[in-house]
Number of protein chains: 2
Amino acid sequence: MEESLQHRPWIRKVIPEIVPPSLRDNTADVDRLLKGLKKPLGTERVHVDLSLAKTLPHTLRKCEYRVQATLFEDSEGWRLIGVEPRGGDDRLYALAVDLGSSTVVLRLMDLTTTETLEETSFHNPQIQIGTDILTRIHFAGQKGGLEKLQRLLIDRFNQEIQRLADKNNIPITTIMGMSAAGNTTMTHFFLGLDPYWICREPYIPAINKPGLIRAKELGLRIHPDAPVLVFPNVGSYFGGDLIAGILACGMTKGDQIAFLVDVGTNAEVVIGNSDWLMGCAGAAGPALEGGVASMGMMAAPGVIDKVEIDPQTLQFKIGTIEGKPPVGICGSGLIDLVAQLYLARMIDLRGKFVAEKCGNRLTEADGTRQLIVVPPEASGTGEALTLSQPDIDALIRSKAAMYTILTTIANTVNISLKEVSKFYVAGTFGAYIDPRSAIVLGMIPDLPLETYISLGNSSIEGTTMALLSAEAREEISRIRDQVTYLELNVNQEFMNLFSAAKFIPHTDRSLFPSVKGPEE
Amino acid sequence: MEESLQHRPWIRKVIPEIVPPSLRDNTADVDRLLKGLKKPLGTERVHVDLSLAKTLPHTLRKCEYRVQATLFEDSEGWRLIGVEPRGGDDRLYALAVDLGSSTVVLRLMDLTTTETLEETSFHNPQIQIGTDILTRIHFAGQKGGLEKLQRLLIDRFNQEIQRLADKNNIPITTIMGMSAAGNTTMTHFFLGLDPYWICREPYIPAINKPGLIRAKELGLRIHPDAPVLVFPNVGSYFGGDLIAGILACGMTKGDQIAFLVDVGTNAEVVIGNSDWLMGCAGAAGPALEGGVASMGMMAAPGVIDKVEIDPQTLQFKIGTIEGKPPVGICGSGLIDLVAQLYLARMIDLRGKFVAEKCGNRLTEADGTRQLIVVPPEASGTGEALTLSQPDIDALIRSKAAMYTILTTIANTVNISLKEVSKFYVAGTFGAYIDPRSAIVLGMIPDLPLETYISLGNSSIEGTTMALLSAEAREEISRIRDQVTYLELNVNQEFMNLFSAAKFIPHTDRSLFPSVKGPEE
């Protein structure tokens with residue numbers, strides 16, 4: 001994580017130096033406050049909403065002009081959020097948010113100390129409309145649908161914000177800022193914007209740069225005039241969460257060329273450095289997340305996340321989450337399993353079961369060949385956990401797609417994959433995947449293992465950085481404007497690259513010198 | 001009236017050049033519109049409210065990207081008001097408003113042609129709370145009082161706007177701007193700001209520079225997002241109406257030193273040129289407006305507005321509004337009458353009746369001497385119209401106050417009254433007053449008559465100019481920041497000047513060489 005961005009806060013409490021009025025100085029209340037802000041703020045160009053101007057004469061006199069002011073800065077200057085008597089409550093909080101389509105993560109930040117008070121998450125309540133985003137987009141097109149989707153999300157937010165506030169014993173009006181990143185569709189739902197054209201050619205969002213919105217415009221129950229920074233997107237398939245990831249990993253801070261990969265429904269890939277950025281998104285995700293395999297599951301207790309096969313004895317060593325009896329397999333476990341099957345020669349370079357090696361683990365059901373990974377007696381479900389030939393085929397297509405996307409985007413900017421010095425992997429996928437197994441499969445380039453860095457939830461890291469520093473906020477705009485989005489054309493060249501990548505690790509063995517082939 | 005300000009409109013309709021989306025250009029709808037605005041507007045930095053962003057995807061596609069956009073410019077850049085299909089309704093109207101405490105004047109402007117469609121006015125409905133502004137300020141301090149005062153005004157506005165729209169056959173949403181000037185208290189009522197501290201030492205307004213407010217924030221039923229330019233004030237007794245007057249008369253356009261005088265409840269005086277401006281306000285008004293004299297009235301049919309007395313025959317020639325039989329006298333008539341009485345030697349230089357000259361016109365009632373101006377048989381009321389000694393004394397105090405204010409402010413900036421090359425007189429008072437009579441009384445300096453220029457309603461002229469041109473709008477801020485407000489200290493020096501001015505025309509006869517004294 002890059003920590004070199006300076007901390008110049010853009011949501012601030014300051015103490016204006018106000019000279020009380022006299023016959024010699026008849027400056028009005030609002031203008032007097034602005035004058036008093038000049039010293040602590042460096043400018044007296046501060047916008048004051050009419051609603052706030054209405055309360056100011058009373059507030060100023062109540063405490064004899066000894067006030068403190070909370071403000072935020074946008075691209076046009078400073079704006080007043082509130083004014084209260086000095087010496088009272090001077091706490092200043094904000095929320096960093098990762099707007100996931102499955103899970104929404106919130107971090108309650110103390111802007112004065114820059115500390116995290118609490119991190120929490122909730123299931124996106126829009127799941128009740130549809131687990132996949134396309135179902136929700138379709139629902140949004142029905143009468144009242146969009147409003148309902150936004151309402152579900154905002155209501156759930158308000159519930160969680162109230163809980164956070166109560167638990168940490170803070171008034172919700174001391175939460176004076178928010179920063180949120182999500183994919184482009186989630187951002188549209190959050191803002192109440194129609195996502196209809198996002199999923200229809202030529203895939204146009206309603207907005208690229210939402211900028212700062214006031215909390216009251218979204219119905220969020222924090223301070224009503226608090227700014228909500230909504231991360232910009234580059235396009236329908238390149239969202240604010242990825243911008244947050246680019247910010248968080250710091251790949252734009254130097255000359256070295258880095259990759260950032262985020263695997264979700266789509267695989268999103270960015271390559272670049274401080275001078276340039278290119279991004280693209282492609283369908284490579286589901287199989288990599290383990291969602292396609294017959295025994296595929298999301299990470300949970302008992303889910304296989306680690307597999308080792310002794311190449312001599314062909315004995316399986318199965319690792320599960322929390323060590324519970326195995327019940328299924330997640331993406332990282334699947335990649336481990338298939339890589340180990342290859343290294344043990346139980347599958348060949350096309351991913352096909354090698355019968356003599358698989359022995360009695362190999363069986364057949366529903367007309368397809370299946371490998372018994374966990375026999376019924378060792379399984380947590382009482383039934384055998386199996387891997388079918390189609391499961392492997394799907395994984396190979398996915399890994400081939402991923403490698404083809406990486407190759408294509410690198411080719412486009414005329415960079416050899418060997419020149420990449422950092423390879424950031426975001427999200428849950430990045431947190432669990434064993435890069436060595438992914439290299440063995442030929443899913444990612446054969447780079448030194450230390451090149452691969454797991455980012456964790458880079459979206460929440462990015463939104464946190466953006467909350468704390470004006471430089472980070474400015475960097476977001478710079479990143480957005482610098483990204484060139486590569487529309488992946490599934491043309492003959494792409495298909496050729498894809499076909500060549502549909503082998504383990506690759507048709508061109510020289511690309512993966514560290515992976516030994518069956519003949520070696 | 002100064003007409004040299006260029007017409008660079010700040011509320012505009014423009015036609016963006018929008019390239020429809022394609023796979024090669026996935027820019028979002030909002031950002032695509034902004035791109036298209038670059039050519040006609042010279043910038044693509046345009047703020048789009050979330051509420052407008054919500055409607056944009058549909059609007060753009062409905063008319064295949066052939067739209068026109070209405071925008072306004074504030075100090076921070078352009079802001080979108082609305083987007084509609086091209087070739088539809090491209091009318092663009094706005095309202096210039098003089099926010100008088102008695103009368104509100106509205107001008108419906110066509111911003112495309114810069115023509116006035118209609119000018120109308122209504123009695124300020126706040127009169128039902130109190131005719132004088134202090135009563136209203138007091139009422140505003142009661143529970144719900146301020147809201148009621150604002151509501152009365154805004155409701156009456158909406159009624160008049162609807163009438164104007166219906167009569168001119170335009171939808172109210174095509175009215176996309178407003179510009180309003182009034183005294184500081186009226187401006188506060190209009191904005192719903194507490195005027196409590198305006199009339200209490202040290203006389204502090206809530207705000208000096210309200211800037212641009214959206215119509216919906218005030219409850220005005222024009223286009224809800226239309227900007228309402230509210231003229232700034234310099235202090236509690238130097239309001240936006242006077243700034244509008246300074247703008248309208250053009251006194252800030254050259255080196256020549258000019259006076260601007262507006263007589264209302266107070267006499268408001270400004271002196272200056274393009275480099276500097278000094279203003280003050282003082283109690284000189286009521287007697288000059290005719291409000292104090294026993295037969296004093298507001299201008300209306302039958303009201304005496306012109307008096308000539310033959311110095312030989314001492315015959316009175318009385319002019320009335322619309323030539324109706326006389327029923328009272330207005331401010332300009334009163335000034336004429338007293339000047340003519342002096343020139344006919346029927347009053348002396350202290351303003352006292354000269355019995356031998358007045359003859360049988362002089363009578364006595366209620367213990368004071370009275371001059372019969374119109375005998376009962378010639379009067380429109382059936383009763384004699386009379387001028388009492390206290391009426392004359394009050395006028396002389398007022399004229400002395402006016403001359404003292406003019407002298408004091410000129411002394412403060414070390415200018416001789418003779419150096420003043422233009423003397424603008426605003427309002428109804430300026431429209432009717434005969435400068436020659438005012439000079440004879442020693443109310444205004446003895447300058448060539450062509451120096452005196454009546455401005456008419458300079459407030460509505462100023463607000464009109466501000467609606468039509470960005471330069472004028474910028475000039476308003478410059479004017480406001482340039483005015484130094486002189487707090488009139490009623491000290492010994494002021495009292496000395498005032499005492500010397502309580503003669504007709506003045507103790508120092510050399511100041512009024514054009515006025516012949518009784519001994520000449």
# chains A, B, ... in the order shown; residues from 1 in each chain; ligands from 1
>>> interface_residues(of="chain B", to="chain A", cutoff="7 Å", atoms="only C-alpha atoms", output="list in words")
Pro21, Ser22, Leu23, Asn26, Thr27, Ala28, Asp29, Val30, Asp31, Lys54, Pro57, Glu76, Leu193, Asp194, Pro202, Tyr203, Ile204, Pro205, Ala206, Ile207, Asn208 and Gly235 of chain B
>>> residues_around(residues="stretch 504-513 of chain A", least_positions_apart="2", cutoff="7 Å", atoms="only C-alpha atoms", output="VMD selection string")
chain A and resid 349 to 351 440 to 442 446 500 to 502 515
>>> write_last_selection(atoms="all heavy atoms", output="short mmCIF file (atom, residue, chain, number, x, y, z; two decimals), in the first residue's frame")
data_model
loop_
_atom_site.label_atom_id
_atom_site.label_comp_id
_atom_site.auth_asym_id
_atom_site.auth_seq_id
_atom_site.Cartn_x
_atom_site.Cartn_y
_atom_site.Cartn_z
N LEU A 349 -1.57 -31.68 -20.52
CA LEU A 349 -1.46 -30.24 -20.78
C LEU A 349 -2.73 -29.66 -21.38
O LEU A 349 -2.89 -28.45 -21.43
CB LEU A 349 -0.21 -29.90 -21.60
CG LEU A 349 0.14 -30.73 -22.83
CD1 LEU A 349 -0.74 -30.36 -24.01
CD2 LEU A 349 1.60 -30.51 -23.17
N ARG A 350 -3.67 -30.48 -21.82
CA ARG A 350 -4.96 -29.96 -22.28
C ARG A 350 -5.98 -29.99 -21.14
O ARG A 350 -7.14 -29.67 -21.33
CB ARG A 350 -5.47 -30.78 -23.46
CG ARG A 350 -4.62 -30.57 -24.74
CD ARG A 350 -4.99 -31.56 -25.82
NE ARG A 350 -4.84 -32.92 -25.31
CZ ARG A 350 -5.78 -33.86 -25.38
NH1 ARG A 350 -6.93 -33.62 -25.98
NH2 ARG A 350 -5.58 -35.06 -24.86
N GLY A 351 -5.53 -30.49 -19.96
CA GLY A 351 -6.43 -30.54 -18.80
C GLY A 351 -7.28 -31.80 -18.77
O GLY A 351 -8.22 -31.88 -17.99
N VAL A 440 1.58 -22.01 -12.52
CA VAL A 440 1.64 -23.39 -13.05
C VAL A 440 0.54 -23.59 -14.10
O VAL A 440 0.76 -24.18 -15.15
CB VAL A 440 1.49 -24.42 -11.91
CG1 VAL A 440 1.20 -25.82 -12.47
CG2 VAL A 440 2.76 -24.45 -11.04
N LEU A 441 -0.66 -23.04 -13.82
CA LEU A 441 -1.76 -23.19 -14.78
C LEU A 441 -1.57 -22.31 -16.01
O LEU A 441 -2.26 -22.46 -17.00
CB LEU A 441 -3.10 -22.82 -14.12
CG LEU A 441 -3.66 -23.80 -13.10
CD1 LEU A 441 -5.03 -23.34 -12.64
CD2 LEU A 441 -3.75 -25.22 -13.70
N GLY A 442 -0.65 -21.32 -15.90
CA GLY A 442 -0.47 -20.39 -17.03
C GLY A 442 -1.55 -19.34 -17.06
O GLY A 442 -1.92 -18.82 -18.11
N ASP A 446 4.82 -15.84 -15.77
CA ASP A 446 5.84 -16.55 -14.98
C ASP A 446 6.87 -15.55 -14.45
O ASP A 446 8.03 -15.53 -14.89
CB ASP A 446 6.50 -17.62 -15.86
CG ASP A 446 7.33 -18.60 -15.04
OD1 ASP A 446 7.36 -18.43 -13.79
OD2 ASP A 446 7.93 -19.50 -15.63
N ALA A 500 -3.94 -20.52 -28.00
CA ALA A 500 -2.58 -20.89 -27.56
C ALA A 500 -2.51 -20.97 -26.04
O ALA A 500 -1.66 -21.67 -25.49
CB ALA A 500 -1.58 -19.86 -28.09
N ALA A 501 -3.39 -20.22 -25.35
CA ALA A 501 -3.36 -20.20 -23.88
C ALA A 501 -4.20 -21.30 -23.27
O ALA A 501 -4.22 -21.46 -22.06
CB ALA A 501 -3.83 -18.82 -23.38
N LYS A 502 -4.90 -22.07 -24.10
CA LYS A 502 -5.78 -23.10 -23.57
C LYS A 502 -5.04 -24.40 -23.23
O LYS A 502 -5.62 -25.47 -23.19
CB LYS A 502 -6.95 -23.36 -24.52
CG LYS A 502 -8.05 -22.31 -24.34
CD LYS A 502 -9.41 -22.69 -24.85
CE LYS A 502 -9.44 -23.46 -26.13
NZ LYS A 502 -10.78 -23.48 -26.74
N VAL A 515 7.88 -23.64 -14.98
CA VAL A 515 6.93 -24.77 -14.87
C VAL A 515 7.44 -25.94 -15.70
O VAL A 515 7.62 -25.82 -16.91
CB VAL A 515 5.52 -24.35 -15.36
CG1 VAL A 515 4.53 -25.49 -15.17
CG2 VAL A 515 5.06 -23.08 -14.66
#
>>> select_by_dssp(residues="stretch 298-413 of chain A", states="strand (DSSP E or B)", output="number ranges by chain")
A: 303-309, 316-320, 328-329, 347, 353, 362-365, 368-374, 385-388
>>> closest_residue(among="B:Asp336, B:Glu461, B:Asp74, B:Glu115", to="B:Met443", atoms="only C-alpha atoms")
B:Asp336
